[in-house]
$ cat protein_2.pdb   # PDB, C-alpha atoms, pLDDT in the B column
MODEL        1
ATOM      1  CA  PHE A   1    -143.701 -23.195 346.017  1.00 71.00           C
ATOM      2  CA  PRO A   2    -145.249 -23.043 349.473  1.00 78.00           C
ATOM      3  CA  THR A   3    -144.217 -20.284 351.807  1.00 82.00           C
ATOM      4  CA  LYS A   4    -142.347 -21.243 354.952  1.00 81.00           C
ATOM      5  CA  ALA A   5    -145.513 -20.592 356.972  1.00 85.00           C
ATOM      6  CA  GLU A   6    -147.414 -23.153 354.866  1.00 89.00           C
ATOM      7  CA  LEU A   7    -145.041 -26.006 355.744  1.00 88.00           C
ATOM      8  CA  ILE A   8    -146.295 -28.347 358.471  1.00 91.00           C
ATOM      9  CA  ALA A   9    -142.997 -28.345 360.386  1.00 89.00           C
ATOM     10  CA  CYS A  10    -143.098 -24.557 360.647  1.00 89.00           C
ATOM     11  CA  GLN A  11    -146.492 -24.564 362.339  1.00 90.00           C
ATOM     12  CA  HIS A  12    -146.300 -27.680 364.526  1.00 94.00           C
ATOM     13  CA  SER A  13    -143.946 -29.429 366.919  1.00 95.00           C
ATOM     14  CA  VAL A  14    -142.246 -32.702 366.019  1.00 95.00           C
ATOM     15  CA  ASP A  15    -144.734 -34.579 368.219  1.00 96.00           C
ATOM     16  CA  GLU A  16    -147.698 -32.857 366.538  1.00 96.00           C
ATOM     17  CA  VAL A  17    -146.392 -33.666 363.052  1.00 96.00           C
ATOM     18  CA  LYS A  18    -145.670 -37.254 364.108  1.00 96.00           C
ATOM     19  CA  THR A  19    -149.223 -37.698 365.391  1.00 96.00           C
ATOM     20  CA  PHE A  20    -150.809 -35.990 362.369  1.00 95.00           C
ATOM     21  CA  ILE A  21    -148.938 -38.246 359.920  1.00 95.00           C
ATOM     22  CA  GLY A  22    -149.499 -41.337 362.072  1.00 96.00           C
ATOM     23  CA  LEU A  23    -145.861 -42.173 362.769  1.00 96.00           C
ATOM     24  CA  ASP A  24    -144.225 -43.954 365.692  1.00 96.00           C
ATOM     25  CA  SER A  25    -141.199 -41.645 365.524  1.00 96.00           C
ATOM     26  CA  LEU A  26    -140.001 -38.624 363.571  1.00 95.00           C
ATOM     27  CA  CYS A  27    -136.578 -36.993 363.481  1.00 93.00           C
ATOM     28  CA  TYR A  28    -135.105 -34.300 361.295  1.00 91.00           C
ATOM     29  CA  LEU A  29    -131.552 -34.262 359.986  1.00 91.00           C
ATOM     30  CA  SER A  30    -129.528 -31.088 359.946  1.00 91.00           C
ATOM     31  CA  LEU A  31    -128.289 -30.030 356.517  1.00 88.00           C
ATOM     32  CA  PRO A  32    -124.700 -31.072 357.356  1.00 87.00           C
ATOM     33  CA  GLY A  33    -126.064 -34.344 358.757  1.00 89.00           C
ATOM     34  CA  MET A  34    -127.984 -35.031 355.549  1.00 87.00           C
ATOM     35  CA  LEU A  35    -124.924 -34.372 353.404  1.00 86.00           C
ATOM     36  CA  GLU A  36    -122.791 -36.601 355.618  1.00 86.00           C
ATOM     37  CA  ALA A  37    -125.357 -39.411 355.446  1.00 88.00           C
ATOM     38  CA  MET A  38    -125.454 -39.129 351.644  1.00 86.00           C
ATOM     39  CA  GLU A  39    -121.672 -38.846 351.372  1.00 79.00           C
ATOM     40  CA  PHE A  40    -121.965 -35.748 349.179  1.00 72.00           C
ATOM     41  CA  GLU A  41    -119.864 -32.645 349.497  1.00 74.00           C
ATOM     42  CA  GLU A  42    -121.745 -29.372 349.521  1.00 75.00           C
ATOM     43  CA  ASN A  43    -120.325 -28.263 346.160  1.00 80.00           C
ATOM     44  CA  ASN A  44    -121.545 -31.484 344.458  1.00 79.00           C
ATOM     45  CA  PHE A  45    -125.190 -31.128 345.424  1.00 78.00           C
ATOM     46  CA  CYS A  46    -127.769 -28.391 344.875  1.00 82.00           C
ATOM     47  CA  LEU A  47    -129.016 -27.314 348.297  1.00 85.00           C
ATOM     48  CA  ALA A  48    -131.421 -24.596 347.165  1.00 84.00           C
ATOM     49  CA  CYS A  49    -134.542 -26.531 348.191  1.00 81.00           C
ATOM     50  CA  PHE A  50    -133.077 -27.000 351.655  1.00 84.00           C
ATOM     51  CA  ASP A  51    -131.371 -23.691 352.391  1.00 85.00           C
ATOM     52  CA  GLY A  52    -133.143 -21.251 350.038  1.00 81.00           C
ATOM     53  CA  LYS A  53    -129.849 -20.127 348.481  1.00 84.00           C
ATOM     54  CA  TYR A  54    -130.563 -20.348 344.768  1.00 80.00           C
ATOM     55  CA  PRO A  55    -127.655 -19.855 342.321  1.00 78.00           C
ATOM     56  CA  ILE A  56    -130.082 -17.840 340.181  1.00 77.00           C
ATOM     57  CA  GLU A  57    -132.947 -16.014 341.864  1.00 71.00           C
ATOM     58  CA  PRO A  58    -136.248 -17.672 340.870  1.00 65.00           C
ATOM     59  CA  GLU A  59    -138.854 -15.510 339.184  1.00 70.00           C
ATOM     60  CA  ASP A  60    -141.920 -14.524 341.177  1.00 71.00           C
ATOM     61  CA  ASN A  61    -144.968 -16.786 340.818  1.00 70.00           C
ATOM     62  CA  VAL A  62    -143.072 -19.613 339.096  1.00 69.00           C
ATOM     63  CA  SER A  63    -144.713 -22.988 339.600  1.00 69.00           C
ATOM     64  CA  LYS A  64    -142.460 -25.884 340.536  1.00 64.00           C
ATOM     65  CA  LEU A  65    -144.292 -27.835 337.822  1.00 67.00           C
ATOM     66  CA  SER A  66    -143.549 -25.327 335.050  1.00 67.00           C
ATOM     67  CA  LEU A  67    -140.548 -27.277 333.739  1.00 63.00           C
ATOM     68  CA  GLU A  68    -142.179 -30.717 333.812  1.00 64.00           C
ATOM     69  CA  TYR A  69    -143.463 -32.316 330.627  1.00 56.00           C
TER      70      TYR A  69
ENDMDL
END

$ encode --input "protein_2.pdb" --output "structure tokens"
Amino acid sequence: FPTKAELIACQHSVDEVKTFIGLDSLCYLSLPGMLEAMEFEENNFCLACFDGKYPIEPEDNVSKLSLEY
């Protein structure tokens, strides 16, 4: 998985990301806003990829592709 520092939104402003990707507009949803838009309750959806709170701590150096066939 990339580190937080490797993510484009961590290093650049919304306008910079928008320009880099070639978009007319770019907005981010808050985590509660995303859940509300999807009509999911927090306990019915794994949020680990969004909030970093994993139910089981991932092992070091595990590739996100390690479980794919």

$ atom_distance --input "protein_2.pdb" --atom1 "CA of Lys4 (chain A)" --atom2 "CA of Pro32 (chain A)"
20.3 Å

$ closest_residue --input "protein_2.pdb" --among "A:Ala9, A:Ala48, A:Ala37, A:Ile56" --to "Ile21 (chain A)" --atoms "only C-alpha atoms"
A:Ala9

$ atom_distance --input "protein_2.pdb" --atom1 "CA of Gly33 (chain A)" --atom2 "CA of Pro55 (chain A)"
22.0 Å

$ resolve_selection --input "protein_2.pdb" --expression "the PyMOL selection byres ((chain A and resi 26) around 9)" --output "short mmCIF file (atom, residue, chain, number, x, y, z; two decimals) with C-alpha atoms, in the coordinates of the input"
data_model
loop_
_atom_site.label_atom_id
_atom_site.label_comp_id
_atom_site.auth_asym_id
_atom_site.auth_seq_id
_atom_site.Cartn_x
_atom_site.Cartn_y
_atom_site.Cartn_z
CA VAL A 14 -142.25 -32.70 366.02
CA ASP A 15 -144.73 -34.58 368.22
CA VAL A 17 -146.39 -33.67 363.05
CA LYS A 18 -145.67 -37.25 364.11
CA LEU A 23 -145.86 -42.17 362.77
CA ASP A 24 -144.22 -43.95 365.69
CA SER A 25 -141.20 -41.64 365.52
CA CYS A 27 -136.58 -36.99 363.48
CA TYR A 28 -135.10 -34.30 361.30
#

$ atom_distance --input "protein_2.pdb" --atom1 "CA of Gln11 (chain A)" --atom2 "CA of Ser30 (chain A)"
18.3 Å

$ axis_aligned_box --input "protein_2.pdb" --around "region 35-40 of chain A" --padding-each-side "8 Å" --output "lines of an AutoDock Vina configuration file"
center_x = -123.6
center_y = -36.9
center_z = 352.4
size_x = 19.8
size_y = 21.0
size_z = 22.4
